[in-house]
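Colleague: final00.cif is the file, holding mmCIF, C-alpha atoms:
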```cif
data_coords
#
loop_
_atom_site.label_atom_id
_atom_site.label_comp_id
_atom_site.auth_asym_id
_atom_site.auth_seq_id
_atom_site.Cartn_x
_atom_site.Cartn_y
_atom_site.Cartn_z
CA MET A 1 -31.28 -43.69 -64.15
CA LYS A 2 -35.07 -43.85 -64.30
CA SER A 3 -36.45 -47.27 -63.43
CA LEU A 4 -39.75 -49.07 -62.96
CA GLU A 5 -39.00 -49.14 -59.21
CA GLU A 6 -38.95 -45.38 -59.29
CA LEU A 7 -42.36 -45.43 -61.00
CA MET A 8 -43.63 -47.58 -58.14
CA ALA A 9 -42.43 -44.95 -55.66
CA ILE A 10 -44.15 -42.19 -57.68
CA LYS A 11 -47.35 -44.20 -57.54
CA GLU A 12 -47.22 -44.48 -53.74
CA LYS A 13 -46.54 -40.75 -53.42
CA THR A 14 -49.26 -39.74 -55.89
CA MET A 15 -51.88 -42.05 -54.34
CA LYS A 16 -51.56 -40.16 -51.06
CA LYS A 17 -52.39 -36.77 -52.51
CA MET A 18 -54.80 -37.91 -55.19
CA THR A 19 -58.09 -36.07 -55.23
CA VAL A 20 -61.13 -36.66 -57.35
CA ARG A 21 -60.69 -34.99 -60.70
CA GLU A 22 -62.84 -31.94 -61.21
CA ASP A 23 -62.51 -31.75 -64.96
CA THR A 24 -65.58 -33.62 -66.09
CA GLY A 25 -68.48 -31.24 -65.36
CA ASP A 26 -70.12 -28.52 -67.44
CA ASP A 27 -68.04 -25.75 -65.86
CA VAL A 28 -64.84 -26.91 -67.47
CA THR A 29 -62.76 -24.84 -69.89
CA ARG A 30 -61.75 -26.96 -72.85
CA ILE A 31 -58.67 -26.22 -74.91
CA VAL A 32 -58.33 -28.25 -78.08
CA VAL A 33 -55.49 -28.43 -80.58
CA GLY A 34 -55.93 -29.54 -84.19
CA MET A 35 -53.72 -32.61 -84.60
CA ALA A 36 -54.46 -33.84 -88.10
CA THR A 37 -51.72 -34.06 -90.74
CA CYS A 38 -51.98 -30.33 -91.42
CA GLY A 39 -51.71 -29.37 -87.75
CA ILE A 40 -48.83 -31.74 -87.02
CA ALA A 41 -46.88 -30.61 -90.09
CA ALA A 42 -47.36 -26.97 -89.11
CA GLY A 43 -46.00 -27.54 -85.59
CA ALA A 44 -48.96 -28.53 -83.38
CA ARG A 45 -46.95 -30.97 -81.25
CA PRO A 46 -44.87 -28.35 -79.37
CA VAL A 47 -47.99 -26.18 -79.03
CA LEU A 48 -49.96 -28.99 -77.38
CA ASN A 49 -46.95 -29.80 -75.17
CA ALA A 50 -46.62 -26.18 -74.08
CA LEU A 51 -50.34 -25.95 -73.22
CA VAL A 52 -50.27 -29.15 -71.15
CA GLU A 53 -47.09 -28.09 -69.35
CA GLU A 54 -48.30 -24.59 -68.56
CA VAL A 55 -51.66 -25.85 -67.23
CA GLN A 56 -49.75 -28.26 -64.99
CA ARG A 57 -47.13 -25.75 -63.95
CA ARG A 58 -49.82 -23.32 -62.80
CA ASN A 59 -51.83 -26.19 -61.35
CA LEU A 60 -54.98 -24.90 -63.08
CA LYS A 61 -58.16 -26.73 -62.11
CA GLY A 62 -61.15 -27.18 -64.38
CA VAL A 63 -59.07 -26.83 -67.55
CA THR A 64 -58.59 -29.70 -69.97
CA VAL A 65 -56.23 -29.81 -72.93
CA SER A 66 -57.02 -32.30 -75.66
CA GLN A 67 -56.52 -32.93 -79.33
CA THR A 68 -58.91 -32.97 -82.23
CA GLY A 69 -58.73 -33.66 -85.96
CA CYS A 70 -58.63 -31.17 -88.78
CA ILE A 71 -60.44 -27.97 -87.90
CA GLY A 72 -60.81 -27.06 -91.56
CA MET A 73 -58.55 -24.03 -91.95
CA CYS A 74 -55.26 -25.79 -92.67
CA GLN A 75 -53.50 -22.64 -93.85
CA TYR A 76 -53.85 -21.23 -90.32
CA GLU A 77 -52.50 -24.25 -88.43
CA PRO A 78 -51.46 -24.82 -85.69
CA ILE A 79 -54.95 -23.92 -84.44
CA VAL A 80 -56.03 -23.84 -80.80
CA GLU A 81 -59.65 -23.44 -79.75
CA VAL A 82 -60.63 -22.29 -76.28
CA MET A 83 -64.14 -23.14 -75.13
CA GLU A 84 -65.16 -21.59 -71.85
CA PRO A 85 -68.58 -22.38 -70.39
CA GLY A 86 -71.13 -19.71 -71.27
CA LYS A 87 -68.76 -17.85 -73.58
CA GLU A 88 -68.20 -17.82 -77.30
CA LYS A 89 -65.44 -20.06 -78.62
CA VAL A 90 -62.12 -18.32 -79.31
CA THR A 91 -60.00 -19.65 -82.18
CA TYR A 92 -56.27 -18.96 -82.12
CA VAL A 93 -54.29 -19.47 -85.32
CA LYS A 94 -50.65 -19.86 -86.39
CA MET A 95 -49.78 -20.82 -82.86
CA THR A 96 -46.35 -21.48 -81.39
CA ALA A 97 -45.27 -22.80 -78.00
CA ASP A 98 -44.56 -19.25 -76.80
CA LYS A 99 -47.94 -17.98 -77.94
CA ALA A 100 -49.56 -20.97 -76.23
CA VAL A 101 -48.03 -19.98 -72.89
CA LYS A 102 -49.29 -16.43 -73.37
CA VAL A 103 -52.81 -17.71 -74.14
CA ILE A 104 -52.84 -19.69 -70.88
CA ASN A 105 -51.62 -16.70 -68.90
CA GLU A 106 -53.69 -13.95 -70.52
CA HIS A 107 -56.83 -15.78 -71.54
CA ILE A 108 -57.26 -18.67 -69.10
CA VAL A 109 -55.74 -17.08 -65.99
CA ASN A 110 -56.50 -13.37 -66.52
CA GLY A 111 -59.70 -13.85 -68.52
CA LYS A 112 -58.64 -11.66 -71.46
CA PRO A 113 -58.43 -13.41 -74.85
CA VAL A 114 -55.29 -12.50 -76.82
CA ALA A 115 -56.96 -10.68 -79.70
CA GLU A 116 -53.85 -10.47 -81.91
CA TYR A 117 -53.55 -14.27 -82.19
CA THR A 118 -57.19 -14.93 -83.06
CA VAL A 119 -58.46 -15.98 -86.46
CA GLY A 120 -60.38 -12.69 -86.57
CA ALA A 121 -57.16 -10.66 -86.38
CA MET A 122 -55.39 -12.90 -88.91
CA THR A 123 -58.03 -12.73 -91.61
CA LYS A 124 -58.59 -8.97 -91.39
CA MET B 1 -42.89 -33.11 -92.09
CA ARG B 2 -39.55 -32.08 -90.63
CA GLU B 3 -39.12 -35.21 -88.51
CA LEU B 4 -40.19 -38.81 -89.02
CA SER B 5 -41.49 -38.77 -85.44
CA LEU B 6 -44.19 -36.36 -86.67
CA ASN B 7 -45.19 -38.82 -89.41
CA VAL B 8 -45.46 -41.50 -86.73
CA LEU B 9 -47.67 -39.24 -84.61
CA ASP B 10 -49.83 -38.55 -87.65
CA VAL B 11 -50.17 -42.15 -88.84
CA ALA B 12 -50.88 -43.34 -85.28
CA GLN B 13 -53.85 -40.95 -85.20
CA ASN B 14 -55.39 -43.09 -87.94
CA SER B 15 -55.09 -46.13 -85.64
CA ILE B 16 -56.85 -44.18 -82.91
CA THR B 17 -59.61 -43.13 -85.30
CA ALA B 18 -59.92 -46.80 -86.30
CA GLY B 19 -60.73 -47.62 -82.67
CA ALA B 20 -57.53 -49.53 -81.92
CA SER B 21 -56.99 -50.56 -78.30
CA LEU B 22 -53.35 -51.59 -78.74
CA ILE B 23 -50.95 -49.70 -81.00
CA THR B 24 -47.37 -50.84 -81.51
CA LEU B 25 -44.78 -48.33 -82.69
CA SER B 26 -41.39 -49.70 -83.71
CA VAL B 27 -38.33 -47.73 -84.73
CA LEU B 28 -35.61 -50.21 -85.59
CA GLU B 29 -32.28 -48.90 -86.76
CA ASP B 30 -29.63 -51.13 -88.28
CA TYR B 31 -26.33 -49.34 -88.73
CA ALA B 32 -24.75 -52.34 -90.50
CA SER B 33 -27.11 -51.98 -93.46
CA ASP B 34 -27.76 -48.23 -93.05
CA THR B 35 -31.49 -48.85 -92.75
CA LEU B 36 -34.25 -47.75 -90.46
CA GLU B 37 -37.58 -49.50 -90.26
CA ILE B 38 -40.60 -47.79 -88.76
CA SER B 39 -43.77 -49.80 -88.19
CA ILE B 40 -47.14 -48.82 -86.83
CA LEU B 41 -49.39 -51.79 -86.05
CA ASP B 42 -52.89 -51.62 -84.65
CA ASP B 43 -55.86 -53.79 -83.78
CA GLY B 44 -58.39 -51.26 -85.07
CA LYS B 45 -61.29 -51.92 -87.38
CA GLY B 46 -59.09 -52.34 -90.45
CA MET B 47 -59.78 -51.47 -94.06
CA SER B 48 -61.38 -53.23 -96.99
CA PRO B 49 -59.18 -53.98 -100.05
CA GLU B 50 -60.83 -51.02 -101.85
CA GLN B 51 -60.12 -48.60 -99.00
CA LEU B 52 -56.57 -49.92 -98.72
CA GLU B 53 -56.03 -49.27 -102.40
CA SER B 54 -57.24 -45.69 -102.15
CA VAL B 55 -55.41 -44.78 -98.93
CA ARG B 56 -52.14 -44.29 -100.81
CA ASP B 57 -53.94 -41.75 -102.93
CA PRO B 58 -53.64 -38.19 -101.57
CA PHE B 59 -57.18 -37.51 -102.66
CA PHE B 60 -58.65 -40.10 -100.34
CA THR B 61 -59.74 -39.44 -96.76
CA THR B 62 -62.45 -40.66 -94.38
CA ARG B 63 -62.80 -37.09 -93.24
CA THR B 64 -65.85 -35.21 -94.43
CA THR B 65 -64.58 -31.65 -94.05
CA ARG B 66 -62.35 -31.81 -97.09
CA LYS B 67 -61.50 -34.25 -99.80
CA VAL B 68 -57.76 -34.76 -99.28
CA GLY B 69 -55.79 -36.97 -96.92
CA MET B 70 -52.03 -36.51 -96.94
CA GLY B 71 -50.91 -38.57 -93.97
CA ILE B 72 -50.08 -41.89 -95.63
CA PRO B 73 -48.85 -40.37 -98.94
CA LEU B 74 -46.40 -38.11 -97.03
CA PHE B 75 -45.03 -41.00 -94.99
CA LYS B 76 -44.73 -43.17 -98.10
CA LEU B 77 -42.89 -40.38 -99.91
CA ALA B 78 -40.51 -39.89 -96.96
CA ALA B 79 -39.50 -43.57 -97.21
CA GLU B 80 -39.38 -43.90 -100.97
CA GLN B 81 -37.35 -40.73 -101.52
CA THR B 82 -34.48 -42.39 -99.60
CA GLY B 83 -34.59 -45.44 -101.87
CA GLY B 84 -36.53 -47.35 -99.22
CA LYS B 85 -39.85 -49.15 -99.25
CA PHE B 86 -43.34 -48.62 -98.00
CA ASP B 87 -46.04 -51.14 -97.31
CA ILE B 88 -49.48 -51.04 -95.79
CA THR B 89 -51.64 -54.09 -95.15
CA SER B 90 -54.99 -54.30 -93.49
CA GLU B 91 -57.81 -56.66 -92.73
CA VAL B 92 -61.32 -55.69 -91.69
CA GLY B 93 -61.89 -56.55 -88.03
CA VAL B 94 -58.24 -57.42 -87.44
CA GLY B 95 -56.20 -54.27 -87.84
CA THR B 96 -53.71 -52.41 -89.98
CA GLU B 97 -49.94 -52.58 -90.39
CA VAL B 98 -47.83 -49.80 -91.84
CA HIS B 99 -44.17 -50.52 -92.57
CA ALA B 100 -41.71 -47.97 -93.88
CA LEU B 101 -38.09 -48.75 -94.65
CA PHE B 102 -35.60 -45.91 -94.94
CA LYS B 103 -32.08 -45.83 -96.28
CA THR B 104 -30.36 -43.74 -93.63
CA ASP B 105 -27.37 -42.91 -95.81
CA SER B 106 -29.55 -41.15 -98.38
CA VAL B 107 -29.31 -37.36 -98.58
CA ASP B 108 -33.11 -37.36 -98.61
CA PHE B 109 -33.36 -39.17 -95.27
CA THR B 110 -35.50 -37.17 -92.82
CA PRO B 111 -34.17 -37.30 -89.23
CA ILE B 112 -36.15 -39.44 -86.77
CA GLY B 113 -36.52 -36.45 -84.47
CA ASP B 114 -38.18 -36.40 -81.10
CA MET B 115 -39.85 -39.82 -80.77
CA CYS B 116 -40.13 -39.28 -77.02
CA SER B 117 -42.54 -36.35 -77.55
CA THR B 118 -44.60 -38.38 -80.00
CA VAL B 119 -44.84 -41.40 -77.70
CA VAL B 120 -45.58 -39.38 -74.55
CA MET B 121 -48.23 -37.38 -76.37
CA LEU B 122 -49.94 -40.47 -77.78
CA ILE B 123 -49.93 -42.17 -74.36
CA THR B 124 -51.15 -39.21 -72.33
CA MET B 125 -53.82 -38.12 -74.81
CA ASN B 126 -55.24 -41.65 -75.13
CA LEU B 127 -55.32 -43.08 -71.63
CA ASP B 128 -57.95 -45.65 -72.59
CA ARG B 129 -55.64 -47.23 -75.16
CA ASP B 130 -52.38 -49.11 -74.85
CA PHE B 131 -49.13 -48.52 -76.65
CA ILE B 132 -45.98 -50.54 -77.15
CA TYR B 133 -42.93 -48.55 -78.16
CA ARG B 134 -40.01 -50.60 -79.48
CA ARG B 135 -36.76 -48.96 -80.31
CA SER B 136 -33.57 -50.64 -81.37
CA TYR B 137 -30.14 -49.68 -82.58
CA GLY B 138 -28.23 -52.69 -83.87
CA GLU B 139 -28.29 -55.29 -81.11
CA ASN B 140 -29.48 -52.87 -78.44
CA GLU B 141 -33.20 -52.85 -77.81
CA PHE B 142 -35.66 -51.06 -75.58
CA THR B 143 -39.39 -51.73 -75.17
CA LEU B 144 -42.00 -49.72 -73.33
CA ASP B 145 -45.45 -51.24 -72.78
CA THR B 146 -48.18 -49.10 -71.22
CA ARG B 147 -49.99 -52.24 -70.02
CA GLU B 148 -47.02 -52.94 -67.78
CA LEU B 149 -46.94 -49.32 -66.55
CA LYS B 150 -50.67 -49.38 -65.83
CA THR B 151 -50.26 -52.54 -63.74
CA ILE B 152 -47.66 -50.77 -61.63
CA LEU B 153 -49.66 -47.54 -61.39
CA GLY B 154 -53.04 -49.03 -60.49
CA GLU B 155 -55.50 -46.15 -60.21
CA VAL B 156 -52.86 -43.45 -60.64
CA PRO B 157 -53.36 -42.14 -64.19
CA LEU B 158 -50.52 -42.15 -66.71
CA ASP B 159 -51.00 -38.43 -67.26
CA SER B 160 -50.32 -37.35 -63.65
CA PRO B 161 -47.56 -34.74 -63.80
CA GLU B 162 -44.99 -36.82 -61.85
CA VAL B 163 -45.68 -39.87 -64.01
CA VAL B 164 -45.33 -37.85 -67.23
CA GLU B 165 -41.98 -36.50 -65.99
CA TRP B 166 -40.84 -40.03 -65.21
CA LEU B 167 -42.05 -41.27 -68.60
CA LYS B 168 -40.11 -38.59 -70.50
CA GLY B 169 -36.96 -39.32 -68.50
CA TYR B 170 -37.35 -43.07 -68.81
CA ILE B 171 -37.76 -42.97 -72.60
CA THR B 172 -34.98 -40.41 -73.10
CA GLU B 173 -32.46 -42.34 -70.97
CA ASN B 174 -33.29 -45.67 -72.58
CA GLU B 175 -32.99 -44.15 -76.05
CA GLN B 176 -29.62 -42.65 -75.17
CA ASN B 177 -28.50 -46.03 -73.82
CA LEU B 178 -29.21 -47.63 -77.19
CA TYR B 179 -26.70 -45.32 -78.77
CA GLY B 180 -24.26 -45.85 -75.92
CA GLY B 181 -24.77 -42.27 -74.78
CA ALA B 182 -26.14 -42.12 -71.24
CA LYS B 183 -24.11 -42.60 -68.08
#
```
Please go through the file and, once you have read it, give me the structure as structure tokens.

Modeller:
Amino acid sequence: MKSLEELMAIKEKTMKKMTVREDTGDDVTRIVVGMATCGIAAGARPVLNALVEEVQRRNLKGVTVSQTGCIGMCQYEPIVEVMEPGKEKVTYVKMTADKAVKVINEHIVNGKPVAEYTVGAMTK
Amino acid sequence: MRELSLNVLDVAQNSITAGASLITLSVLEDYASDTLEISILDDGKGMSPEQLESVRDPFFTTRTTRKVGMGIPLFKLAAEQTGGKFDITSEVGVGTEVHALFKTDSVDFTPIGDMCSTVVMLITMNLDRDFIYRRSYGENEFTLDTRELKTILGEVPLDSPEVVEWLKGYITENEQNLYGGAK
């Protein structure tokens, strides 16, 4: 059974290994998920969850996952935008949790955007 | 929306946009009367009587990208289609209250769904705000208050991986307890 005492223990453990966060500078990759009514209805919540979990699982530094409002292409939701410093923004559409994991692995880790999931591929 | 928890996530975003610092989410289930009440209360900037009137209208939104806003109308519909009630009150500078009452024995009742995901997402994506999550089933009640968690955690953020794991487990177990499920 999870308890507040257990949370206290987690705090003590985490304090010891806490380092200054490196995700505030200009060299940060930002991943944003559209979480307006359209995004949520289309399934953005599991997509955002999958992105956060995969970034944590791989312990990726300098990557932030956050939410935004309506991106303006509701028919293509869930939409994920990846903004890497010095590169053009990549917009992924009709995302799922599985696709989100692939985007982290292929795009963020290996540096190769997943062309087939992009808005460019979808609207062709 | 396939789950009411998604409506809650959506409506709570309005509270965040309104600059709320404390948002209270309640999901109160009463099996004796087959009703479920969901409330979302905030201390955001509130709405004028004119804005409040128009917010039930699907063709009203504060957004500038498009001219429709479906969040409140969808939630209202979800409640009313069960034979329930929907109410939204607001005062400028004080905050907004959204109350939706559902008849759980209606065939048109949408399942509550994964409230844990909604609550954890709201908390971890808005570390500078506080949330109270109240859940009850009959006499059984469970309350989570991020202000209390933050006092325990001190400078350890609520979105540290171990804390998020704990949070998910804590909410899930307490929810199961309400329904007499967990051991």

Colleague: For chain A against chain B, with a cut-off of 12 Å and counting only C-alpha atoms, what is the closest atom pair and its distance in Å to one decimal for every residue that makes the cut, ordered by chain and number, as CSV?

Modeller:
```
residue,atom,partner,partner_atom,distance
A:Met1,CA,B:Glu173,CA,7.1
A:Lys2,CA,B:Tyr170,CA,5.1
A:Ser3,CA,B:Tyr170,CA,6.9
A:Leu4,CA,B:Leu149,CA,8.0
A:Glu5,CA,B:Ile152,CA,9.1
A:Glu6,CA,B:Trp166,CA,8.2
A:Leu7,CA,B:Trp166,CA,7.0
A:Met8,CA,B:Ile152,CA,6.2
A:Ala9,CA,B:Leu153,CA,9.6
A:Ile10,CA,B:Glu162,CA,6.9
A:Lys11,CA,B:Leu153,CA,5.6
A:Glu12,CA,B:Leu153,CA,8.6
A:Lys13,CA,B:Glu162,CA,9.4
A:Thr14,CA,B:Val156,CA,7.0
A:Met15,CA,B:Val156,CA,6.5
A:Lys16,CA,B:Val156,CA,10.2
A:Lys17,CA,B:Val156,CA,10.5
A:Met18,CA,B:Val156,CA,8.0
A:Thr19,CA,B:Val156,CA,10.5
A:Val20,CA,B:Val156,CA,11.2
A:Arg21,CA,B:Pro157,CA,10.8
A:Val32,CA,B:Met125,CA,11.3
A:Val33,CA,B:Met125,CA,11.4
A:Gly34,CA,B:Asp10,CA,11.4
A:Met35,CA,B:Asp10,CA,7.7
A:Ala36,CA,B:Asp10,CA,6.6
A:Thr37,CA,B:Gly71,CA,5.6
A:Cys38,CA,B:Met70,CA,8.3
A:Gly39,CA,B:Asp10,CA,9.4
A:Ile40,CA,B:Leu6,CA,6.6
A:Ala41,CA,B:Met1,CA,5.1
A:Ala42,CA,B:Met1,CA,8.2
A:Gly43,CA,B:Leu6,CA,9.1
A:Ala44,CA,B:Leu6,CA,9.7
A:Arg45,CA,B:Thr118,CA,7.9
A:Pro46,CA,B:Ser117,CA,8.5
A:Val47,CA,B:Met121,CA,11.5
A:Leu48,CA,B:Met121,CA,8.6
A:Asn49,CA,B:Met121,CA,7.8
A:Ala50,CA,B:Ser117,CA,11.5
A:Val52,CA,B:Pro161,CA,9.6
A:Glu53,CA,B:Pro161,CA,8.7
A:Glu54,CA,B:Pro161,CA,11.2
A:Val55,CA,B:Pro161,CA,10.4
A:Gln56,CA,B:Pro161,CA,6.9
A:Arg57,CA,B:Pro161,CA,9.0
A:Arg58,CA,B:Pro161,CA,11.7
A:Asn59,CA,B:Pro161,CA,9.9
A:Thr64,CA,B:Met125,CA,10.8
A:Val65,CA,B:Met125,CA,8.9
A:Ser66,CA,B:Met125,CA,6.7
A:Gln67,CA,B:Met125,CA,7.4
A:Thr68,CA,B:Gln13,CA,9.9
A:Gly69,CA,B:Gln13,CA,8.8
A:Cys70,CA,B:Thr65,CA,8.0
A:Ile71,CA,B:Thr65,CA,8.3
A:Gly72,CA,B:Thr65,CA,6.4
A:Met73,CA,B:Thr65,CA,9.9
A:Cys74,CA,B:Arg66,CA,10.3
```

Colleague: Only C-alpha atoms, please: the residues just picked out, written as an mmCIF file, in the coordinates of the input.

Modeller:
```
data_model
loop_
_atom_site.group_PDB
_atom_site.id
_atom_site.type_symbol
_atom_site.label_atom_id
_atom_site.label_comp_id
_atom_site.auth_asym_id
_atom_site.auth_seq_id
_atom_site.Cartn_x
_atom_site.Cartn_y
_atom_site.Cartn_z
ATOM 1 C CA MET A 1 -31.280 -43.690 -64.150
ATOM 2 C CA LYS A 2 -35.070 -43.850 -64.300
ATOM 3 C CA SER A 3 -36.450 -47.270 -63.430
ATOM 4 C CA LEU A 4 -39.750 -49.070 -62.960
ATOM 5 C CA GLU A 5 -39.000 -49.140 -59.210
ATOM 6 C CA GLU A 6 -38.950 -45.380 -59.290
ATOM 7 C CA LEU A 7 -42.360 -45.430 -61.000
ATOM 8 C CA MET A 8 -43.630 -47.580 -58.140
ATOM 9 C CA ALA A 9 -42.430 -44.950 -55.660
ATOM 10 C CA ILE A 10 -44.150 -42.190 -57.680
ATOM 11 C CA LYS A 11 -47.350 -44.200 -57.540
ATOM 12 C CA GLU A 12 -47.220 -44.480 -53.740
ATOM 13 C CA LYS A 13 -46.540 -40.750 -53.420
ATOM 14 C CA THR A 14 -49.260 -39.740 -55.890
ATOM 15 C CA MET A 15 -51.880 -42.050 -54.340
ATOM 16 C CA LYS A 16 -51.560 -40.160 -51.060
ATOM 17 C CA LYS A 17 -52.390 -36.770 -52.510
ATOM 18 C CA MET A 18 -54.800 -37.910 -55.190
ATOM 19 C CA THR A 19 -58.090 -36.070 -55.230
ATOM 20 C CA VAL A 20 -61.130 -36.660 -57.350
ATOM 21 C CA ARG A 21 -60.690 -34.990 -60.700
ATOM 22 C CA VAL A 32 -58.330 -28.250 -78.080
ATOM 23 C CA VAL A 33 -55.490 -28.430 -80.580
ATOM 24 C CA GLY A 34 -55.930 -29.540 -84.190
ATOM 25 C CA MET A 35 -53.720 -32.610 -84.600
ATOM 26 C CA ALA A 36 -54.460 -33.840 -88.100
ATOM 27 C CA THR A 37 -51.720 -34.060 -90.740
ATOM 28 C CA CYS A 38 -51.980 -30.330 -91.420
ATOM 29 C CA GLY A 39 -51.710 -29.370 -87.750
ATOM 30 C CA ILE A 40 -48.830 -31.740 -87.020
ATOM 31 C CA ALA A 41 -46.880 -30.610 -90.090
ATOM 32 C CA ALA A 42 -47.360 -26.970 -89.110
ATOM 33 C CA GLY A 43 -46.000 -27.540 -85.590
ATOM 34 C CA ALA A 44 -48.960 -28.530 -83.380
ATOM 35 C CA ARG A 45 -46.950 -30.970 -81.250
ATOM 36 C CA PRO A 46 -44.870 -28.350 -79.370
ATOM 37 C CA VAL A 47 -47.990 -26.180 -79.030
ATOM 38 C CA LEU A 48 -49.960 -28.990 -77.380
ATOM 39 C CA ASN A 49 -46.950 -29.800 -75.170
ATOM 40 C CA ALA A 50 -46.620 -26.180 -74.080
ATOM 41 C CA VAL A 52 -50.270 -29.150 -71.150
ATOM 42 C CA GLU A 53 -47.090 -28.090 -69.350
ATOM 43 C CA GLU A 54 -48.300 -24.590 -68.560
ATOM 44 C CA VAL A 55 -51.660 -25.850 -67.230
ATOM 45 C CA GLN A 56 -49.750 -28.260 -64.990
ATOM 46 C CA ARG A 57 -47.130 -25.750 -63.950
ATOM 47 C CA ARG A 58 -49.820 -23.320 -62.800
ATOM 48 C CA ASN A 59 -51.830 -26.190 -61.350
ATOM 49 C CA THR A 64 -58.590 -29.700 -69.970
ATOM 50 C CA VAL A 65 -56.230 -29.810 -72.930
ATOM 51 C CA SER A 66 -57.020 -32.300 -75.660
ATOM 52 C CA GLN A 67 -56.520 -32.930 -79.330
ATOM 53 C CA THR A 68 -58.910 -32.970 -82.230
ATOM 54 C CA GLY A 69 -58.730 -33.660 -85.960
ATOM 55 C CA CYS A 70 -58.630 -31.170 -88.780
ATOM 56 C CA ILE A 71 -60.440 -27.970 -87.900
ATOM 57 C CA GLY A 72 -60.810 -27.060 -91.560
ATOM 58 C CA MET A 73 -58.550 -24.030 -91.950
ATOM 59 C CA CYS A 74 -55.260 -25.790 -92.670
#
```

Colleague: Using only C-alpha atoms, determine which residues lie at most 7 Å from A:Met83, disregarding the query and same-chain residues fewer than 5 positions distant; provide the list as a PyMOL selection string.

Modeller: chain A and resi 29-31+89-90

Colleague: Work out how far apart atom CA of B:Met115 and atom CA of B:Leu36 are and give it in Å to one decimal.

Modeller: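 Result for atom CA of B:Met115 versus atom CA of B:Leu36: 13.7 Å, one decimal.
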
Colleague: Neighbouring residues of A:Asp26 were defined as those with any atom within 10 Å, considering all atoms listed in the file; residues of the same chain fewer than 3 positions away were excluded. Please report them as a list in words.

Modeller: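 My reading of the contact set: Asp23, Thr29, Gly62, Glu84, Pro85 and Gly86 of chain A.
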
Colleague: Measure the distance from atom CA of B:Ile88 to atom CA of B:Pro49 in Å and round it to one decimal.

Modeller: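 Atom-to-atom, atom CA of B:Ile88 and atom CA of B:Pro49 are spaced 11.0 Å apart.
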
Colleague: Quote the spacing between atom CA of B:Thr82 and atom CA of B:Ile38 in Å to one decimal place.

Modeller: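 Spanning atom CA of B:Thr82 to atom CA of B:Ile38 is a straight-line distance of 13.6 Å.
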
Colleague: I'd like the residues picked by the PyMOL selection byres ((chain A and resi 117) around 8) written out as a list of chain:residue names, using the chain letters and numbers from the file.

Modeller: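 Applying the expression gives A:Tyr92, A:Val93, A:Lys94, A:Met95, A:Lys99, A:Val114, A:Ala115, A:Glu116, A:Thr118, A:Val119, A:Ala121, A:Met122.
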
Colleague: On this structure, the PyMOL selection byres ((chain B and resi 134) around 10) would catch which residues? List them as an MDAnalysis selection string, sorted by chain and number.

Modeller: chainID B and resid 24:28 38:39 131:133 135:136 141:145

Colleague: Which of these residues is nearest to B:Ile123, using all atoms listed in the file: B:Ile23, B:Val92, B:Leu4, B:Leu77?

Modeller: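 Checking each candidate against B:Ile123, we get B:Ile23 as the closest.
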
Colleague: Within 9 Å of stretch 78-80 of chain B, counting all atoms listed in the file, which residues show up once you throw out same-chain ones fewer than 2 positions away? Write them as a compact mmCIF listing (two decimals) with C-alpha atoms, in the coordinates of the input, please.

Modeller:
```txt
# COMPACT_ATOMS: atom_id res chain seq x y z
CA MET B 1 -42.89 -33.11 -92.09
CA LEU B 4 -40.19 -38.81 -89.02
CA ASN B 7 -45.19 -38.82 -89.41
CA PRO B 73 -48.85 -40.37 -98.94
CA LEU B 74 -46.40 -38.11 -97.03
CA PHE B 75 -45.03 -41.00 -94.99
CA LYS B 76 -44.73 -43.17 -98.10
CA THR B 82 -34.48 -42.39 -99.60
CA GLY B 83 -34.59 -45.44 -101.87
CA GLY B 84 -36.53 -47.35 -99.22
CA LYS B 85 -39.85 -49.15 -99.25
CA PHE B 86 -43.34 -48.62 -98.00
CA ALA B 100 -41.71 -47.97 -93.88
CA LEU B 101 -38.09 -48.75 -94.65
CA PHE B 102 -35.60 -45.91 -94.94
CA LYS B 103 -32.08 -45.83 -96.28
CA ASP B 108 -33.11 -37.36 -98.61
CA PHE B 109 -33.36 -39.17 -95.27
CA THR B 110 -35.50 -37.17 -92.82
```

Colleague: Using all atoms listed in the file, which residues sit within 6 Å of B:Lys45 once same-chain residues fewer than 3 positions away are excluded, as a list in words?

Modeller: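 Contacts, with the query itself left out: Ala18, Val92, Gly93 and Gly95 of chain B.
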